[in-house]
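Peer 1: Here's a structure for you.
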Amino acid sequence: MTLAALAEIAPVSDADDHHARLTGVTRVFGKPGTAKCVHALGPIDLDLRRGEFFSVVGPSGCGKSTLLDVLAGLSKPTEGTAEFEGRPIDGVPAGVGVVFQEDASFPWLSVTDNVAFGLRRAGVDAAEIARRVDYAVGFMGLKQFAGAYPAQLSGGMRQRVCIARTLVMQPRLILLDEPFGALDQQTRLLMGDELLRLWRETSATVLLITHALDEAAMLSDRVGVMSARPGVFIDILETGWEVDRDSRIVSHPRFGDLTGHLWEKLRTESLKHLRDG
Amino acid sequence: MTLAALAEIAPVSDADDHHARLTGVTRVFGKPGTAKCVHALGPIDLDLRRGEFFSVVGPSGCGKSTLLDVLAGLSKPTEGTAEFEGRPIDGVPAGVGVVFQEDASFPWLSVTDNVAFGLRRAGVDAAEIARRVDYAVGFMGLKQFAGAYPAQLSGGMRQRVCIARTLVMQPRLILLDEPFGALDQQTRLLMGDELLRLWRETSATVLLITHALDEAAMLSDRVGVMSARPGVFIDILETGWEVDRDSRIVSHPRFGDLTGHLWEKLRTESLKHLRDG
Amino acid sequence: AVVPAAPALADEISVTQWGTSMYGAPYAVAMSEGLFKKAGVDITSIIGSGGGGTTVRNLLASETPYGDVAIAAALAAQRQGLDVIIVNTGTRSTAEASLVTMPDSPIKSLKDLEGKKVAITSPKGVSEMLLLMALKQEGVDASKVERVASGGYVNGLTMLEQGAVAAAALIEPLSIIRAAKYRTVVNYGKLLPPMTTSVGITTRAFAKKNPEKLKAIIAGRAAGVEALYADPAKAAEIVGKAFKLEPAIAKVAVDNMLGPRMWSVGEFNQAELDRTIDGLRLIGEVTGPVDWSKLLDPAFLPASIQGKK
Amino acid sequence: MKNVLGPAAVLGVLLLAWEALHLAVANTGLPSPVTTLVRLVGLLGEAEFWDQAAETARAFAVAVVLSTIGGIALGILLGMNRTAGVVSEPILVNLYSLPKVTLYPVVLLIFGLGISARIAFGIMHGMIPLTLFTMNAILQMKPVYRRSAAVMGLTPWQTSLTVVLPAILPEVITGARLGVSLCLLGVLIGEMFASRNGLGYMVMHAMERGDMPTVLAVALLLAVVALVVNAMLLMLDRAWRH
Amino acid sequence: MTREGRIRLLVVAAAVGALELACRIDWIPASVMIPPSAMATSLWDILVSGTHWKDILVSLRSVATAAVLAVVLGFLVGAVIHALPLVRSAVEPLLASYYAVPTFMFYPVFIILFGVGPSAIIAIAVLLAVVAMISATLTGLDRIPRVLGKTALIMRLGPIERAFKISLPAAMPYLFTGVKLAVAYAFIGVIASEFILSGAGMGYAIAYAYNNFNNREMYGLMLLIVLLVTVVNTALDAVDRRLQARLRR
Ligand SMILES: Nc1ncnc2c1ncn2[C@@H]1O[C@H](COP(=O)(O)OP(=O)(O)OP(=O)(O)O)[C@@H](O)[C@H]1O
Ligand SMILES: Nc1ncnc2c1ncn2[C@@H]1O[C@H](COP(=O)(O)OP(=O)(O)OP(=O)(O)O)[C@@H](O)[C@H]1O
Ligand SMILES: [Mg+2]
Ligand SMILES: [Mg+2]
């Protein structure tokens, strides 16, 4: 398989198939024209296909988190439109779950209470809460820490708590903002395995933001490569993996091709960022 | 090229060629027999060849830093012997430079003063100090930040200051303990390029500890893979790269093979660590 | 508007050094014997305070703004434009104040203090005034006696014990409690002629609005003074209880005041007033002339003593 | 248990040092610890003492309640708006480090000599640290908590109650600990300077009479009470910070 | 000046203006408070006439002495406690509760020990201030990154050189926070003791003016203290901020 074949740009999928869609989205911070005005993102056109695993890679500060905020309804696009399941995004849409880059577990709650938090606020009945929390805690391998508090857990464990907390809400679209950024590479690859398992079991659409090329290459159906700020997609790559994959594919020859290709695209963009100190 | 060929275990090099050597080194913390006693490392046998670039990868807490401490003379082995340039290591040997995982730049000194710190103490004359500091600062791309204080720099920049500070002392053996652990992957790959350039220019022996398999695969002549605690080498891999390499080799097919092989060796070891939370 | 909040209890009056000094004895007696009630006013309790201006501030803030205060404080209040008038005399002797030294000290008289240090409580306070008056009376050059402000009588005694000063000001009942530890150099009550030391004051507005109540208070106090002189033993018992003093000490304290007739029934005595003003001039508290006509108002004194001057 | 033993040992050493001091400066009126304790026991048997203690306790309690409510409310108000917070912080810090006792006459002039002056003075001492801690806790709360709440579809009210409040609570408790201590200090200073009752007045009165055992007995008692109250808050603090 | 700085200035100016107005229209009676402008002229008169220079100097000298003593003692005690973990674990809970102890009540003891006068007052102030410095020293020594210690070893620094060239500068931002607090507490300790207990100094002068109904002089002196504290605080804060900026990583 040649690089040219890999780099084929994904065609815009037809309307029925798309789950979330950004059209001409830009985001500018501060008053336009003033010195503090930052053009952070866009214009971005993006179609997330229902059920796909889509990753976004890009240099630091290129607007990845901003993109996620727009999809999560946490931030309004300056221009363009964002829609989820056919409806324009206005406020946080039901059915969207988010895992943030920073550790967002609540230190004052035990693991179980953390995971149950959202369900309790939503007024789900107790038996159902118990069932779902049990499942999520078990799924994320947190059984033996169910009563522990976040301070007693490692960073990786805490991110699992946050993932479980999102998972119990049964989102149809899961947005993850560099959820494993603080972990070392080996742990990250293993967490990637669990993410894949979760994706397969829930059949949700997943958008993963990451700075790790190997993570993107290994986990995704498609990888979007962003330019330095203002971030636009300079490439969208189909990986062509089976649904039934795991971290062992890093020894697959195509994996090397993929990361190599991604790195080629990103090297100059990253250098731009690095030069600014 | 097959994996079998890659995985060839390095033979013990002959005495003239070795630069530093660990023989049967173990390190146990705490009183043996007590509950607090931790067998952190070993037994380790290691020969560092003069001028080679050797990387160590291993799961979290397997004893990598402990190994480095022994080589740096910061920690005495419980058993076994450590020698550098033919002499047993007792205290910090002259000619060894260390860059730590944590940011060790002095926040109260400017970049120039940070880099000059060691030289000033050693009583090198002013003109020579200026020359060497200038060179090192320029080499690490810090020219425009020469007067800045560490707090004004990004994490990557600060690590460069520490590298420059080690560099000016003209060490013959450079030990690096996950120096880019806190940086994102793309920045890390770029820093790797500079490390390679430095290694070629100084022709020092380099021992790099890292948790990033791609970093190890791309930078090293040899990669030592450690088991979970107590860490022992379960594999030592020759990469076979040219001396004149840079981060673009990540798209080389052998790069994928190397990382894949490393990951295969490490996956089970990392899982052991992850399970303990 | 920010209005000074008044204590809720009605008919509370203020007495300086209540509980520490003998100024308040007549009030204790009058309250205990129901003499205020007999005079037509119900005094339920006394607002005490450290003394000086605080007492005046307190009484200004209270519903029944009458108080027994040091004359210096009354003058200071008037000087600062506060609308107070003096309506009766409280005490007229300095018998409770003295100057002491260590038993083995070579200081025998005020003369011996030349070139030495003496502890007073605070600059421009009563203890300094009395010392200066006594020195003047004995013809000792005051500039040769260094006065050290100690902040309080006990502090002065500590300095004395540590040898930091040659003599220290002292006051009853402390001087009685510690009588054994020191030797008295001079008892001001014996050395200095009588002078007005405390006065009853009120605001002009209150006097105008409640002349009857004011008269009743003064009359009640006067009755207390008379009862005190009539039966000192009983008075000592009452004071001891009110001030939480041991009975024996209270007895001595009251007895010491009988000779110099410390408590005035209330009448004004120009000579005694002037003496105090002379003393206050010595410490610089009073500089200009004093216009008594604006300050004093004898109209509220009991008829029996109004004429006496 | 172990974390009581250490401080107890330190207190023991302090008592010994006191005794040594007493012996060293013999006859100057510094009572020995034993004398002081005897006096303290005596005091505890006097109705008069309890009256004064109740007076202090009342002022202290009201001051604590008011400064806690006021401090937290003001802290939240200032913390909700970054500009308000940044503007007011140095002013508050400056007020904190001001020797507030010099302002006591103003308090007296406004409130008179009653209990309200002492309460006001206690509040002046106790409220600022709480305001500062609460404000900073809100300003420095991890933004991701609020974002998480938004993503989970919480109403602003739910967010304040179930996320913001527990998130800032440890800081608030730390502030309260300092605030409570300073409240007590404020009330006592007020009583010492101008008052006719309360333990501060009692100490001042005893000082005037040179009654050192009483001074030290009351001071000791207050110190112990303050330490105990503080230790309890400290434990609450620790318990909350899992 | 930053936007916040300007707003702050405006807020303070508005508060002072409001006070001035409230006093001028007699909403606050003159017997309670005099207008800020009158406070300022009173302060001017006090400074020009020189009536209170002695008190001012006495207080400032006491504050300075107490602050220096507290900083030096606090640092030394802190360093010693830091080196003895057992002592530390015993002392630390007490340090945390320390401010609840009404230090002023021990004044008579200090008079016995140090005699009447500035020394006893300085002792109270030191007692109040020293704990802040001890705590800051402990924090500072704790927060020296371990890696700097290792770096010192790698550079083969001796213990003295290490203390002066690494430990001290690394702990400095924390130590300075202690210095800042120590100065503030020294101020509070000295002025408050003078106010309640003594016969000299600015604190006493204010109490005296209060007792003699001299509102004008009282408010002049109060203004002086507020200004002094503000100036000292602002200066220390500027240094503190600069040192803290180093730690922001
Ligand atoms: N609220 C804001 N106001 C002004 N500028 C902002 C704001 N939020 C983000 N920015 C700027 O927008 C740009 C994009 O920010 P964003 O956080 O989306 O980047 P990112 O790709 O997520 O970076 P990273 O990889 O570091 O997480 C950055 O330059 C950032 O400084
Ligand atoms: N001073 C010590 N006392 C007791 N145990 C120690 C000490 N230093 C390290 N250890 C233990 O020894 C083991 C190895 O530590 P080391 O820091 O060498 O691991 P590492 O491989 O560098 O880990 P990481 O990847 O997290 O940096 C760990 O389990 C650690 O807890
Ligand atoms: Mg981001
Ligand atoms: Mg390590």
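Scheme for the structure tokens: letters A, B, ... for chains in order shown; per-chain residue numbers from 1; ligand numbers from 1 in order shown.
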Mind checking which residues fall within 8 Å of range 180-185 of chain C, counting only C-alpha atoms, ignoring those fewer than 6 positions away in the same chain, and posting them as a VMD selection string?
Peer 2: chain C and resid 98 to 103 107 to 110
Peer 1: Per residue of chain A within 8 Å of chain D, which atom pair is closest and at what distance in Å (one decimal), using only C-alpha atoms, listed by chain and increasing number, as a tab-separated table?
Peer 2:
```
residue	atom	partner	partner_atom	distance
A:Ala72	CA	D:Val151	CA	7.3
A:Leu74	CA	D:Ala150	CA	7.6
A:Val92	CA	D:Val151	CA	6.0
A:Ala94	CA	D:Gly153	CA	7.9
A:Val96	CA	D:Val151	CA	7.8
A:Gly97	CA	D:Val151	CA	6.9
A:Val98	CA	D:Val151	CA	6.8
A:Phe100	CA	D:Val144	CA	7.4
A:Glu102	CA	D:Val144	CA	6.9
A:Asp103	CA	D:Val144	CA	7.9
A:Ala104	CA	D:Val144	CA	5.9
A:Phe106	CA	D:Ala167	CA	7.7
A:Pro107	CA	D:His242	CA	7.6
A:Trp108	CA	D:Pro166	CA	6.7
A:Gly118	CA	D:Met152	CA	5.9
A:Arg121	CA	D:Leu154	CA	7.2
A:Tyr149	CA	D:His242	CA	6.7
A:Ala151	CA	D:His242	CA	6.8
```
Peer 1: Take the selection from the previous step and output its residues with N, CA, C and O atoms, as a compact mmCIF listing (two decimals), in the first residue's frame.
Peer 2:
```txt
# COMPACT_ATOMS: atom_id res chain seq x y z
N ALA A 72 -19.06 20.69 21.69
CA ALA A 72 -19.73 20.38 22.95
C ALA A 72 -20.75 21.44 23.33
O ALA A 72 -21.44 21.32 24.33
N LEU A 74 -20.00 24.37 24.32
CA LEU A 74 -19.47 25.21 25.39
C LEU A 74 -19.05 26.58 24.87
O LEU A 74 -18.79 27.50 25.63
N VAL A 92 -25.17 22.97 25.54
CA VAL A 92 -24.64 21.61 25.50
C VAL A 92 -25.75 20.65 25.07
O VAL A 92 -26.77 20.55 25.74
N ALA A 94 -27.95 17.32 24.53
CA ALA A 94 -28.11 16.03 25.18
C ALA A 94 -27.49 14.96 24.28
O ALA A 94 -27.58 15.05 23.06
N VAL A 96 -24.27 14.21 24.24
CA VAL A 96 -22.84 14.45 24.03
C VAL A 96 -22.12 14.32 25.37
O VAL A 96 -22.55 14.90 26.36
N GLY A 97 -21.05 13.54 25.40
CA GLY A 97 -20.25 13.41 26.60
C GLY A 97 -18.85 13.94 26.34
O GLY A 97 -18.35 13.82 25.23
N VAL A 98 -18.24 14.53 27.36
CA VAL A 98 -16.92 15.12 27.16
C VAL A 98 -15.95 14.64 28.25
O VAL A 98 -16.32 14.59 29.42
N PHE A 100 -12.24 15.82 29.57
CA PHE A 100 -11.32 16.93 29.36
C PHE A 100 -9.87 16.53 29.54
O PHE A 100 -9.56 15.50 30.14
N GLU A 102 -7.62 18.21 31.37
CA GLU A 102 -7.26 18.29 32.78
C GLU A 102 -8.06 17.25 33.55
O GLU A 102 -9.13 16.84 33.14
N ASP A 103 -7.50 16.87 34.69
CA ASP A 103 -8.18 15.94 35.56
C ASP A 103 -9.43 16.63 36.10
O ASP A 103 -9.35 17.61 36.81
N ALA A 104 -10.59 16.11 35.76
CA ALA A 104 -11.85 16.76 36.16
C ALA A 104 -12.59 15.92 37.19
O ALA A 104 -13.75 16.18 37.48
N PHE A 106 -13.88 14.90 40.75
CA PHE A 106 -14.15 15.74 41.91
C PHE A 106 -13.47 15.13 43.13
O PHE A 106 -13.84 14.06 43.58
N PRO A 107 -12.48 15.85 43.69
CA PRO A 107 -11.70 15.24 44.78
C PRO A 107 -12.52 15.01 46.05
O PRO A 107 -12.09 14.28 46.92
N TRP A 108 -13.68 15.65 46.13
CA TRP A 108 -14.47 15.49 47.36
C TRP A 108 -15.43 14.31 47.30
O TRP A 108 -16.17 14.06 48.22
N GLY A 118 -23.44 12.65 37.66
CA GLY A 118 -24.30 13.18 36.60
C GLY A 118 -25.69 12.54 36.62
O GLY A 118 -26.70 13.21 36.46
N ARG A 121 -27.88 13.96 39.40
CA ARG A 121 -28.42 15.28 39.09
C ARG A 121 -29.56 15.16 38.08
O ARG A 121 -30.51 15.90 38.10
N TYR A 149 -10.86 7.72 47.03
CA TYR A 149 -10.99 9.10 46.59
C TYR A 149 -9.91 9.40 45.56
O TYR A 149 -8.84 8.78 45.59
N ALA A 151 -7.63 11.48 45.23
CA ALA A 151 -6.28 11.76 45.69
C ALA A 151 -5.49 10.47 45.91
O ALA A 151 -4.26 10.48 45.90
```
Peer 1: At a cut-off of 12 Å, list the chain E residues touching chain B, using only C-alpha atoms, as a VMD selection string.
Peer 2: chain E and resid 144 to 158 161 to 162 165 to 173 242 to 249
Peer 1: Residues within 12 Å of ligand 4, counting only C-alpha atoms and all ligand atoms: report them as a VMD selection string.
Peer 2: (chain A and resid 184) or (chain B and resid 40 56 to 69 99 to 102 176 to 179 181 208 to 211 231) or (chain E and resid 147)
Peer 1: When DSSP works through the backbone of this structure, what residues of range 68-267 of chain A end up as alpha helix (DSSP H), shown as a count of residues only?
Peer 2: 83
